[in-house]
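> Here you go, this is query24.pdb (PDB, C-alpha atoms, pLDDT in the B column).
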```
ATOM      1  CA  MET A   1     101.223  99.478 110.850  1.00 48.00           C
ATOM      2  CA  LYS A   2     100.887  95.832 109.908  1.00 58.00           C
ATOM      3  CA  GLY A   3     100.094  95.244 106.255  1.00 61.00           C
ATOM      4  CA  TRP A   4     100.452  97.275 103.095  1.00 60.00           C
ATOM      5  CA  PRO A   5     100.272 101.054 103.542  1.00 69.00           C
ATOM      6  CA  GLY A   6      97.656 103.074 101.710  1.00 71.00           C
ATOM      7  CA  GLU A   7      94.753 100.630 101.867  1.00 81.00           C
ATOM      8  CA  PRO A   8      91.409 102.448 101.338  1.00 89.00           C
ATOM      9  CA  ASP A   9      88.192 101.403 103.044  1.00 90.00           C
ATOM     10  CA  MET A  10      86.306  98.852 100.944  1.00 94.00           C
ATOM     11  CA  ASP A  11      83.892  96.054 101.737  1.00 95.00           C
ATOM     12  CA  TYR A  12      84.878  92.472 101.046  1.00 97.00           C
ATOM     13  CA  ASP A  13      82.947  90.163  98.715  1.00 97.00           C
ATOM     14  CA  VAL A  14      81.117  92.905  96.805  1.00 97.00           C
ATOM     15  CA  LEU A  15      81.258  93.511  93.046  1.00 97.00           C
ATOM     16  CA  VAL A  16      82.726  97.006  92.641  1.00 97.00           C
ATOM     17  CA  ALA A  17      82.366  99.016  89.423  1.00 97.00           C
ATOM     18  CA  ASP A  18      83.430 102.580  90.173  1.00 97.00           C
ATOM     19  CA  GLY A  19      85.072 105.192  87.963  1.00 96.00           C
ATOM     20  CA  GLU A  20      85.906 103.906  84.494  1.00 97.00           C
ATOM     21  CA  ALA A  21      84.414 100.509  85.369  1.00 98.00           C
ATOM     22  CA  ALA A  22      80.953 101.969  85.972  1.00 98.00           C
ATOM     23  CA  ALA A  23      80.202 101.817  82.241  1.00 98.00           C
ATOM     24  CA  ASN A  24      80.681  98.029  82.372  1.00 98.00           C
ATOM     25  CA  ALA A  25      78.392  97.350  85.339  1.00 97.00           C
ATOM     26  CA  GLY A  26      75.913  94.616  84.489  1.00 96.00           C
ATOM     27  CA  LYS A  27      77.660  93.496  81.305  1.00 97.00           C
ATOM     28  CA  PRO A  28      78.203  89.733  80.776  1.00 98.00           C
ATOM     29  CA  ILE A  29      81.355  88.365  82.393  1.00 98.00           C
ATOM     30  CA  THR A  30      83.588  86.626  79.865  1.00 98.00           C
ATOM     31  CA  ASP A  31      86.882  86.615  81.772  1.00 98.00           C
ATOM     32  CA  VAL A  32      87.967  86.367  85.397  1.00 98.00           C
ATOM     33  CA  ILE A  33      91.422  87.646  86.396  1.00 98.00           C
ATOM     34  CA  PHE A  34      92.823  86.375  89.706  1.00 98.00           C
ATOM     35  CA  ASP A  35      95.469  87.762  91.995  1.00 98.00           C
ATOM     36  CA  PHE A  36      97.559  84.924  93.487  1.00 98.00           C
ATOM     37  CA  GLY A  37      98.485  85.580  97.116  1.00 96.00           C
ATOM     38  CA  ASN A  38      95.559  85.001  99.509  1.00 97.00           C
ATOM     39  CA  VAL A  39      93.177  84.575  96.573  1.00 98.00           C
ATOM     40  CA  LEU A  40      94.378  81.341  94.944  1.00 98.00           C
ATOM     41  CA  ILE A  41      97.189  80.433  97.347  1.00 97.00           C
ATOM     42  CA  TYR A  42      97.798  81.463 100.928  1.00 97.00           C
ATOM     43  CA  TRP A  43     100.854  83.643 101.547  1.00 96.00           C
ATOM     44  CA  ASP A  44     101.947  84.008 105.163  1.00 97.00           C
ATOM     45  CA  PRO A  45     105.387  85.585 105.703  1.00 97.00           C
ATOM     46  CA  SER A  46     105.262  84.834 109.429  1.00 97.00           C
ATOM     47  CA  ALA A  47     105.352  81.094 108.634  1.00 98.00           C
ATOM     48  CA  VAL A  48     108.905  81.549 107.319  1.00 98.00           C
ATOM     49  CA  LEU A  49     110.128  83.345 110.416  1.00 98.00           C
ATOM     50  CA  ILE A  50     108.809  81.116 113.203  1.00 97.00           C
ATOM     51  CA  PRO A  51     111.912  78.840 113.382  1.00 96.00           C
ATOM     52  CA  ARG A  52     114.293  81.766 114.000  1.00 97.00           C
ATOM     53  CA  TYR A  53     112.392  84.654 115.604  1.00 98.00           C
ATOM     54  CA  ASP A  54     109.986  85.140 118.491  1.00 98.00           C
ATOM     55  CA  LYS A  55     106.462  86.464 118.002  1.00 97.00           C
ATOM     56  CA  GLU A  56     107.235  90.001 119.145  1.00 97.00           C
ATOM     57  CA  THR A  57     110.101  90.282 116.661  1.00 98.00           C
ATOM     58  CA  ILE A  58     107.978  88.847 113.840  1.00 98.00           C
ATOM     59  CA  ASP A  59     105.191  91.305 114.621  1.00 97.00           C
ATOM     60  CA  ARG A  60     107.646  94.191 114.501  1.00 97.00           C
ATOM     61  CA  PHE A  61     109.146  92.944 111.225  1.00 98.00           C
ATOM     62  CA  LEU A  62     105.682  92.796 109.662  1.00 96.00           C
ATOM     63  CA  ASP A  63     104.904  96.321 110.876  1.00 96.00           C
ATOM     64  CA  ASN A  64     105.771  98.552 107.937  1.00 95.00           C
ATOM     65  CA  ASP A  65     106.273 101.544 110.226  1.00 95.00           C
ATOM     66  CA  VAL A  66     109.069  99.645 111.984  1.00 96.00           C
ATOM     67  CA  SER A  67     110.892  97.642 109.304  1.00 97.00           C
ATOM     68  CA  ARG A  68     109.480  98.903 105.960  1.00 96.00           C
ATOM     69  CA  PHE A  69     108.990  95.245 104.988  1.00 97.00           C
ATOM     70  CA  TYR A  70     106.069  96.014 102.691  1.00 95.00           C
ATOM     71  CA  ASP A  71     107.903  98.917 101.089  1.00 96.00           C
ATOM     72  CA  ALA A  72     110.765  96.531 100.306  1.00 97.00           C
ATOM     73  CA  ASN A  73     108.274  94.048  98.868  1.00 96.00           C
ATOM     74  CA  ASP A  74     106.821  96.741  96.629  1.00 95.00           C
ATOM     75  CA  LEU A  75     110.312  97.588  95.405  1.00 97.00           C
ATOM     76  CA  MET A  76     111.038  93.955  94.521  1.00 97.00           C
ATOM     77  CA  ASP A  77     107.599  93.425  92.995  1.00 96.00           C
ATOM     78  CA  GLY A  78     108.376  96.346  90.704  1.00 95.00           C
ATOM     79  CA  GLY A  79     111.545  94.752  89.359  1.00 95.00           C
ATOM     80  CA  ALA A  80     114.275  95.024  92.008  1.00 96.00           C
ATOM     81  CA  THR A  81     116.201  91.822  92.782  1.00 96.00           C
ATOM     82  CA  PRO A  82     116.185  90.236  96.255  1.00 97.00           C
ATOM     83  CA  GLU A  83     119.739  91.495  96.741  1.00 98.00           C
ATOM     84  CA  GLU A  84     118.631  95.032  95.887  1.00 98.00           C
ATOM     85  CA  GLY A  85     115.666  94.709  98.241  1.00 98.00           C
ATOM     86  CA  VAL A  86     117.898  93.630 101.127  1.00 98.00           C
ATOM     87  CA  ALA A  87     120.376  96.438 100.387  1.00 98.00           C
ATOM     88  CA  TRP A  88     117.534  98.961 100.325  1.00 98.00           C
ATOM     89  CA  MET A  89     116.226  97.759 103.687  1.00 98.00           C
ATOM     90  CA  ARG A  90     119.731  97.799 105.140  1.00 98.00           C
ATOM     91  CA  GLU A  91     120.072 101.442 104.115  1.00 98.00           C
ATOM     92  CA  HIS A  92     116.597 102.537 105.234  1.00 97.00           C
ATOM     93  CA  SER A  93     115.840 100.284 108.226  1.00 97.00           C
ATOM     94  CA  GLY A  94     119.147  98.921 109.507  1.00 97.00           C
ATOM     95  CA  ASP A  95     120.999  95.614 109.650  1.00 98.00           C
ATOM     96  CA  GLN A  96     118.594  93.785 111.975  1.00 97.00           C
ATOM     97  CA  TRP A  97     115.643  94.042 109.628  1.00 98.00           C
ATOM     98  CA  ALA A  98     117.744  93.607 106.491  1.00 98.00           C
ATOM     99  CA  ASP A  99     119.185  90.348 107.853  1.00 98.00           C
ATOM    100  CA  MET A 100     115.669  89.213 108.685  1.00 98.00           C
ATOM    101  CA  LEU A 101     114.483  90.043 105.163  1.00 98.00           C
ATOM    102  CA  LYS A 102     117.344  88.001 103.707  1.00 98.00           C
ATOM    103  CA  TYR A 103     116.367  85.026 105.867  1.00 98.00           C
ATOM    104  CA  TYR A 104     112.764  85.406 104.698  1.00 98.00           C
ATOM    105  CA  LEU A 105     113.784  85.541 101.037  1.00 98.00           C
ATOM    106  CA  ASP A 106     116.160  82.577 101.380  1.00 98.00           C
ATOM    107  CA  ASN A 107     113.309  80.500 102.825  1.00 98.00           C
ATOM    108  CA  PHE A 108     110.479  82.021 100.811  1.00 97.00           C
ATOM    109  CA  GLU A 109     108.843  78.696  99.911  1.00 97.00           C
ATOM    110  CA  ASP A 110     107.720  78.283 103.527  1.00 97.00           C
ATOM    111  CA  SER A 111     105.485  81.356 103.154  1.00 97.00           C
ATOM    112  CA  LEU A 112     103.289  79.452 100.664  1.00 97.00           C
ATOM    113  CA  VAL A 113     101.064  77.583 103.067  1.00 96.00           C
ATOM    114  CA  GLY A 114      98.369  76.063 100.868  1.00 95.00           C
ATOM    115  CA  VAL A 115      95.680  76.494  98.250  1.00 96.00           C
ATOM    116  CA  VAL A 116      92.698  78.672  99.154  1.00 97.00           C
ATOM    117  CA  PRO A 117      89.683  76.369  99.675  1.00 96.00           C
ATOM    118  CA  GLY A 118      87.555  76.112  96.560  1.00 95.00           C
ATOM    119  CA  ALA A 119      90.026  77.902  94.281  1.00 97.00           C
ATOM    120  CA  ARG A 120      91.031  74.891  92.189  1.00 97.00           C
ATOM    121  CA  VAL A 121      87.443  73.791  91.590  1.00 97.00           C
ATOM    122  CA  LEU A 122      86.340  77.358  90.834  1.00 98.00           C
ATOM    123  CA  ILE A 123      88.988  77.645  88.128  1.00 98.00           C
ATOM    124  CA  ASN A 124      87.879  74.329  86.642  1.00 98.00           C
ATOM    125  CA  ASP A 125      84.202  75.337  86.781  1.00 98.00           C
ATOM    126  CA  LEU A 126      84.879  78.672  85.098  1.00 98.00           C
ATOM    127  CA  LYS A 127      86.867  77.030  82.321  1.00 98.00           C
ATOM    128  CA  ALA A 128      84.120  74.444  81.798  1.00 98.00           C
ATOM    129  CA  ALA A 129      81.656  77.335  81.430  1.00 98.00           C
ATOM    130  CA  GLY A 130      83.800  78.911  78.694  1.00 98.00           C
ATOM    131  CA  ILE A 131      85.084  81.746  80.888  1.00 98.00           C
ATOM    132  CA  GLY A 132      88.672  82.894  80.388  1.00 98.00           C
ATOM    133  CA  VAL A 133      90.722  82.440  83.559  1.00 98.00           C
ATOM    134  CA  TRP A 134      93.811  84.610  83.984  1.00 98.00           C
ATOM    135  CA  GLY A 135      96.345  85.703  86.598  1.00 98.00           C
ATOM    136  CA  LEU A 136      97.662  89.165  87.476  1.00 98.00           C
ATOM    137  CA  SER A 137      99.906  89.431  90.496  1.00 98.00           C
ATOM    138  CA  ASN A 138     102.620  91.497  92.105  1.00 97.00           C
ATOM    139  CA  TRP A 139     105.511  89.077  92.572  1.00 97.00           C
ATOM    140  CA  GLU A 140     109.288  89.334  92.568  1.00 96.00           C
ATOM    141  CA  LYS A 141     110.762  87.794  89.409  1.00 96.00           C
ATOM    142  CA  GLU A 142     113.233  85.414  91.081  1.00 96.00           C
ATOM    143  CA  LEU A 143     110.709  84.206  93.672  1.00 96.00           C
ATOM    144  CA  PHE A 144     107.844  83.520  91.289  1.00 97.00           C
ATOM    145  CA  PRO A 145     109.265  80.242  89.881  1.00 96.00           C
ATOM    146  CA  ILE A 146     109.341  78.952  93.475  1.00 96.00           C
ATOM    147  CA  ALA A 147     105.615  79.673  93.743  1.00 95.00           C
ATOM    148  CA  GLU A 148     104.906  77.958  90.421  1.00 95.00           C
ATOM    149  CA  ARG A 149     106.733  74.804  91.530  1.00 95.00           C
ATOM    150  CA  ALA A 150     105.148  74.781  94.973  1.00 93.00           C
ATOM    151  CA  THR A 151     101.572  75.525  93.880  1.00 93.00           C
ATOM    152  CA  PRO A 152     100.502  73.771  90.645  1.00 94.00           C
ATOM    153  CA  ILE A 153      97.171  75.609  90.664  1.00 96.00           C
ATOM    154  CA  LEU A 154      98.936  78.507  88.932  1.00 96.00           C
ATOM    155  CA  SER A 155      99.543  76.330  85.868  1.00 96.00           C
ATOM    156  CA  LYS A 156      95.757  75.993  85.420  1.00 96.00           C
ATOM    157  CA  LEU A 157      95.417  79.625  84.343  1.00 98.00           C
ATOM    158  CA  ASP A 158      95.088  80.553  80.677  1.00 98.00           C
ATOM    159  CA  GLY A 159      97.811  83.178  81.034  1.00 98.00           C
ATOM    160  CA  LYS A 160      99.619  85.292  83.618  1.00 98.00           C
ATOM    161  CA  VAL A 161     101.115  88.745  83.996  1.00 98.00           C
ATOM    162  CA  VAL A 162     103.569  89.022  86.909  1.00 98.00           C
ATOM    163  CA  SER A 163     104.837  92.419  88.003  1.00 98.00           C
ATOM    164  CA  GLY A 164     108.497  91.533  88.418  1.00 96.00           C
ATOM    165  CA  TYR A 165     108.762  90.408  84.797  1.00 97.00           C
ATOM    166  CA  VAL A 166     107.030  93.399  83.223  1.00 97.00           C
ATOM    167  CA  ARG A 167     108.393  95.959  85.734  1.00 96.00           C
ATOM    168  CA  LEU A 168     104.915  97.343  86.312  1.00 97.00           C
ATOM    169  CA  ARG A 169     102.988  96.963  89.545  1.00 96.00           C
ATOM    170  CA  LYS A 170      99.460  97.036  90.893  1.00 97.00           C
ATOM    171  CA  PRO A 171      97.621  99.238  91.720  1.00 96.00           C
ATOM    172  CA  HIS A 172      98.934 101.332  88.812  1.00 96.00           C
ATOM    173  CA  LYS A 173      96.621 101.397  85.819  1.00 97.00           C
ATOM    174  CA  ASP A 174      99.287 100.455  83.292  1.00 98.00           C
ATOM    175  CA  ILE A 175      99.726  96.875  84.531  1.00 98.00           C
ATOM    176  CA  TYR A 176      96.000  96.177  84.159  1.00 98.00           C
ATOM    177  CA  GLU A 177      96.087  97.543  80.632  1.00 98.00           C
ATOM    178  CA  ARG A 178      99.160  95.421  79.933  1.00 98.00           C
ATOM    179  CA  ALA A 179      97.300  92.335  81.187  1.00 98.00           C
ATOM    180  CA  LEU A 180      94.271  93.023  78.993  1.00 98.00           C
ATOM    181  CA  ALA A 181      96.529  93.414  75.959  1.00 98.00           C
ATOM    182  CA  ASP A 182      98.592  90.305  76.731  1.00 98.00           C
ATOM    183  CA  PHE A 183      95.491  88.190  77.330  1.00 98.00           C
ATOM    184  CA  GLY A 184      93.736  89.559  74.242  1.00 98.00           C
ATOM    185  CA  ILE A 185      90.612  90.478  76.200  1.00 98.00           C
ATOM    186  CA  THR A 186      88.654  93.667  76.876  1.00 98.00           C
ATOM    187  CA  ALA A 187      87.787  95.396  80.116  1.00 98.00           C
ATOM    188  CA  ASP A 188      84.033  95.319  79.553  1.00 98.00           C
ATOM    189  CA  GLY A 189      83.803  91.536  80.075  1.00 98.00           C
ATOM    190  CA  ALA A 190      86.439  91.191  82.775  1.00 98.00           C
ATOM    191  CA  VAL A 191      86.297  90.922  86.561  1.00 98.00           C
ATOM    192  CA  PHE A 192      89.400  91.152  88.759  1.00 98.00           C
ATOM    193  CA  ILE A 193      89.648  89.315  92.106  1.00 98.00           C
ATOM    194  CA  ASP A 194      92.143  90.561  94.717  1.00 98.00           C
ATOM    195  CA  ASP A 195      92.363  90.655  98.495  1.00 97.00           C
ATOM    196  CA  LYS A 196      93.639  94.249  98.616  1.00 96.00           C
ATOM    197  CA  ALA A 197      91.288  97.187  98.178  1.00 97.00           C
ATOM    198  CA  MET A 198      93.895  99.391  96.498  1.00 96.00           C
ATOM    199  CA  ASN A 199      94.201  96.849  93.687  1.00 97.00           C
ATOM    200  CA  ILE A 200      90.452  96.843  93.093  1.00 98.00           C
ATOM    201  CA  VAL A 201      90.620 100.645  92.801  1.00 97.00           C
ATOM    202  CA  GLY A 202      93.408 100.211  90.248  1.00 97.00           C
ATOM    203  CA  ALA A 203      91.382  97.690  88.257  1.00 98.00           C
ATOM    204  CA  ASN A 204      88.374 100.037  88.222  1.00 98.00           C
ATOM    205  CA  ALA A 205      90.599 102.819  86.851  1.00 98.00           C
ATOM    206  CA  ALA A 206      91.337 100.521  83.894  1.00 98.00           C
ATOM    207  CA  GLY A 207      87.611  99.827  83.376  1.00 98.00           C
ATOM    208  CA  ILE A 208      87.689  96.385  85.021  1.00 98.00           C
ATOM    209  CA  ARG A 209      85.090  95.497  87.637  1.00 98.00           C
ATOM    210  CA  GLY A 210      86.561  94.072  90.829  1.00 98.00           C
ATOM    211  CA  ILE A 211      85.852  91.997  93.914  1.00 98.00           C
ATOM    212  CA  ARG A 212      87.831  92.339  97.122  1.00 98.00           C
ATOM    213  CA  PHE A 213      88.131  88.692  98.083  1.00 98.00           C
ATOM    214  CA  ARG A 214      87.676  87.096 101.475  1.00 97.00           C
ATOM    215  CA  ASP A 215      85.079  84.305 101.283  1.00 96.00           C
ATOM    216  CA  PRO A 216      85.263  81.565  98.583  1.00 96.00           C
ATOM    217  CA  VAL A 217      81.533  80.784  98.865  1.00 96.00           C
ATOM    218  CA  LYS A 218      80.536  84.431  98.506  1.00 97.00           C
ATOM    219  CA  LEU A 219      82.826  84.782  95.483  1.00 97.00           C
ATOM    220  CA  ARG A 220      81.104  81.874  93.770  1.00 97.00           C
ATOM    221  CA  GLU A 221      77.697  83.304  94.606  1.00 96.00           C
ATOM    222  CA  LEU A 222      78.681  86.753  93.318  1.00 97.00           C
ATOM    223  CA  LEU A 223      79.800  85.317  89.990  1.00 98.00           C
ATOM    224  CA  ILE A 224      76.589  83.300  89.672  1.00 97.00           C
ATOM    225  CA  ASP A 225      74.478  86.355  90.515  1.00 96.00           C
ATOM    226  CA  ALA A 226      76.353  88.218  87.766  1.00 96.00           C
ATOM    227  CA  GLY A 227      75.279  85.575  85.251  1.00 97.00           C
ATOM    228  CA  VAL A 228      78.246  83.197  85.188  1.00 98.00           C
ATOM    229  CA  ASP A 229      76.952  79.668  84.576  1.00 97.00           C
ATOM    230  CA  ILE A 230      78.807  77.621  87.191  1.00 97.00           C
ATOM    231  CA  PRO A 231      77.424  75.178  89.786  1.00 96.00           C
ATOM    232  CA  ASP A 232      75.934  76.809  92.849  1.00 94.00           C
ATOM    233  CA  VAL A 233      76.624  75.858  96.461  1.00 89.00           C
ATOM    234  CA  GLN A 234      74.215  73.080  97.473  1.00 89.00           C
ATOM    235  CA  SER A 235      72.360  72.284 100.648  1.00 82.00           C
ATOM    236  CA  VAL A 236      71.126  68.763 101.405  1.00 86.00           C
ATOM    237  CA  ASN A 237      67.970  68.282 103.485  1.00 80.00           C
TER
END
```
Have the structure of the file written as structure tokens, please.

Amino acid sequence: MKGWPGEPDMDYDVLVADGEAAANAGKPITDVIFDFGNVLIYWDPSAVLIPRYDKETIDRFLDNDVSRFYDANDLMDGGATPEEGVAWMREHSGDQWADMLKYYLDNFEDSLVGVVPGARVLINDLKAAGIGVWGLSNWEKELFPIAERATPILSKLDGKVVSGYVRLRKPHKDIYERALADFGITADGAVFIDDKAMNIVGANAAGIRGIRFRDPVKLRELLIDAGVDIPDVQSVN
């Protein structure tokens, strides 16, 4: 299975307010909380591996049922060091995949392949409209400074909570509550943007509305439809 295990079915680019978040449906949006990978910046682990491994091997490495790559990522996102992640994979998946994980971690910067189109301007537009702009991401503690250096867009946020530092991890409710407390904001005015459905479910459990992100234009339109005063997409006749 390629990708994170446990992903529920959920539409992309729809404002979701289920469970505890249902009470906040329709309330004014005062704060937008962004995930990082594939929401603000593109993360592509295969880009790291291309110089050393063929496509079939890369596909197998990124299949969690084969290598447990995503399980190892979850472990590191929750506070384990890269060395502990490699040791865990060596024990559970064998030397071949553990050696491949070490190569990936040693060359992690190559997995950061660019800023998501429209993300930088959206952050600027939200800030100009008086909306709080925050970050909440699962990220290994020792790798996150590499991302900050490689992608200056992260410095534009008003504040960040990163899983590896706080030893809490999405989609568990406690990291969303930690973010609200650290940012000094409340769930009723917040919207969380993430590319993974499970993390939107987690946000809803903490009372935060969520959007499973895919399309930058649709995200902008959703925020405008919800009452956020930012420039709309234009057409020229």
> Smallest atom-to-atom distance to A:Ile224: which of A:Leu126, A:Ala190, A:Asp77, A:His92, using all atoms listed in the file?
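Using all atoms listed in the file, A:Ile224 sits closest to A:Leu126.
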> Go through stretch 72-177 of chain A and flag each residue having an atom no more than 9 Å from stretch 191-199 of chain A; for those, report the closest pair of atoms plus their distance in Å to one decimal, using only C-alpha atoms, ordered by chain and rising number, as CSV.

```
residue,atom,partner,partner_atom,distance
A:Leu136,CA,A:Phe192,CA,8.6
A:Ser137,CA,A:Asp194,CA,8.9
A:Lys170,CA,A:Asn199,CA,6.0
A:Pro171,CA,A:Asn199,CA,4.6
A:His172,CA,A:Asn199,CA,8.1
```
> What residues come out when you apply the PyMOL selection byres ((chain A and resi 17-23) around 10) to this file, written as a list in words?
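Output from the PyMOL selection byres ((chain A and resi 17-23) around 10), applied to this file: Val14, Leu15, Val16, Asn24, Ala25, Gly26, Lys27, Ala187, Asp188, Ala190, Val191, Ile200, Val201, Gly202, Ala203, Asn204, Ala205, Ala206, Gly207, Ile208, Arg209, Gly210 and Ile211 of chain A.
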> Could you tell me which of A:Gln234, A:Ser93, A:Asn38, A:Ser46 comes closest to A:Asp65 if we count all atoms listed in the file?
A:Ser93
> Convert the output of the PyMOL selection byres ((chain A and resi 114-118) around 9) on the shown file into explicit residues, formatted as a ChimeraX atom specification.
/A:38-43,112-113,119-123,151,153,216-217
> Give me, please, the distance in Å between atom CA of A:Ser111 and atom CA of A:Pro45, quoted to one decimal.
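Answer for the atom CA of A:Ser111 to atom CA of A:Pro45 separation: 4.9 Å.
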> Which residue out of A:Ser155, A:Gly189, A:Lys127, A:Asp71 has the minimum interatomic distance to A:Ala226 when all atoms listed in the file are used?
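Of A:Ser155, A:Gly189, A:Lys127, A:Asp71, the one nearest A:Ala226, counting all atoms listed in the file, is A:Gly189.
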> Report the distance between atom CA of A:Asp182 and atom CA of A:Asp44 in Å, rounded to one decimal place.
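The value is 29.3 Å.
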> Taking into account all atoms listed in the file, which residue in the set A:Met100, A:Ala47, A:Val32, A:Leu168 is nearest to A:Ile185?
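So, comparing all the options, the nearest one is A:Val32.
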> A:Ile175, A:Ala128, A:Val166, A:Ala72: which is nearest A:Leu101, counting all atoms listed in the file?
A:Ala72
> So how far away is atom CA of A:Ala147 from atom CA of A:Glu109, in Å?
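Straight-line distance from atom CA of A:Glu109 to atom CA of A:Ala147 works out to 7.0 Å.
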> Env of stretch 48-54 of chain A: 8 Å cut, atoms = only C-alpha atoms, seq-sep filter 5 positions within chain, self excluded. Answer as number ranges by chain.
A: 103-104, 107-111
> Give me a file of those residues, with C-alpha atoms, as a PDB file, keeping the file's coordinate frame.

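Below you can see part_26.pdb, which holds the result:
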```pdb
ATOM      1  CA  TYR A 103     116.367  85.026 105.867  1.00 98.00           C
ATOM      2  CA  TYR A 104     112.764  85.406 104.698  1.00 98.00           C
ATOM      3  CA  ASN A 107     113.309  80.500 102.825  1.00 98.00           C
ATOM      4  CA  PHE A 108     110.479  82.021 100.811  1.00 97.00           C
ATOM      5  CA  GLU A 109     108.843  78.696  99.911  1.00 97.00           C
ATOM      6  CA  ASP A 110     107.720  78.283 103.527  1.00 97.00           C
ATOM      7  CA  SER A 111     105.485  81.356 103.154  1.00 97.00           C
TER       8      SER A 111
END
```
> Please determine, counting all atoms listed in the file, which residue among A:Leu62, A:Pro231, A:Leu105, A:Tyr176 has the shortest atom-to-atom distance to A:Asn124.
A:Pro231
> Name every residue that the PyMOL selection byres ((chain A and resi 78-86) around 8) selects in this structure, writing the answer as a list in words with chains first and numbers rising.
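Taken over the shown coordinates, the PyMOL selection byres ((chain A and resi 78-86) around 8) returns Ala72, Asn73, Asp74, Leu75, Met76, Asp77, Ala87, Trp88, Met89, Arg90, Ala98, Asp99, Leu101, Lys102, Leu105, Asn138, Glu140, Lys141, Glu142, Ser163, Gly164, Tyr165, Val166, Arg167, Leu168 and Arg169 of chain A.
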> Please fill the gaps in stretch 103-114 of chain A so it has N, CA and C atoms, and write that as an mmCIF file, in the frame of the given file.

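Result saved to result32.cif:
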```cif
data_model
loop_
_atom_site.group_PDB
_atom_site.id
_atom_site.type_symbol
_atom_site.label_atom_id
_atom_site.label_comp_id
_atom_site.auth_asym_id
_atom_site.auth_seq_id
_atom_site.Cartn_x
_atom_site.Cartn_y
_atom_site.Cartn_z
ATOM 1 N N TYR A 103 116.792 86.354 105.413
ATOM 2 C CA TYR A 103 116.367 85.026 105.867
ATOM 3 C C TYR A 103 115.004 84.673 105.270
ATOM 4 N N TYR A 104 114.091 85.631 105.281
ATOM 5 C CA TYR A 104 112.764 85.406 104.698
ATOM 6 C C TYR A 104 112.869 85.043 103.218
ATOM 7 N N LEU A 105 113.659 85.793 102.476
ATOM 8 C CA LEU A 105 113.784 85.541 101.037
ATOM 9 C C LEU A 105 114.464 84.199 100.763
ATOM 10 N N ASP A 106 115.460 83.856 101.559
ATOM 11 C CA ASP A 106 116.160 82.577 101.380
ATOM 12 C C ASP A 106 115.256 81.384 101.651
ATOM 13 N N ASN A 107 114.221 81.588 102.436
ATOM 14 C CA ASN A 107 113.309 80.500 102.825
ATOM 15 C C ASN A 107 111.880 80.782 102.369
ATOM 16 N N PHE A 108 111.772 81.508 101.272
ATOM 17 C CA PHE A 108 110.479 82.021 100.811
ATOM 18 C C PHE A 108 109.423 80.929 100.630
ATOM 19 N N GLU A 109 109.823 79.749 100.187
ATOM 20 C CA GLU A 109 108.843 78.696 99.911
ATOM 21 C C GLU A 109 107.959 78.408 101.116
ATOM 22 N N ASP A 110 108.498 78.577 102.324
ATOM 23 C CA ASP A 110 107.720 78.283 103.527
ATOM 24 C C ASP A 110 106.577 79.270 103.754
ATOM 25 N N SER A 111 106.589 80.390 103.019
ATOM 26 C CA SER A 111 105.485 81.356 103.154
ATOM 27 C C SER A 111 104.250 80.930 102.362
ATOM 28 N N LEU A 112 104.395 79.933 101.493
ATOM 29 C CA LEU A 112 103.289 79.452 100.664
ATOM 30 C C LEU A 112 102.663 78.273 101.382
ATOM 31 N N VAL A 113 101.559 78.538 102.078
ATOM 32 C CA VAL A 113 101.064 77.583 103.067
ATOM 33 C C VAL A 113 99.809 76.837 102.628
ATOM 34 N N GLY A 114 99.473 76.886 101.331
ATOM 35 C CA GLY A 114 98.369 76.063 100.868
ATOM 36 C C GLY A 114 97.481 76.763 99.865
#
```
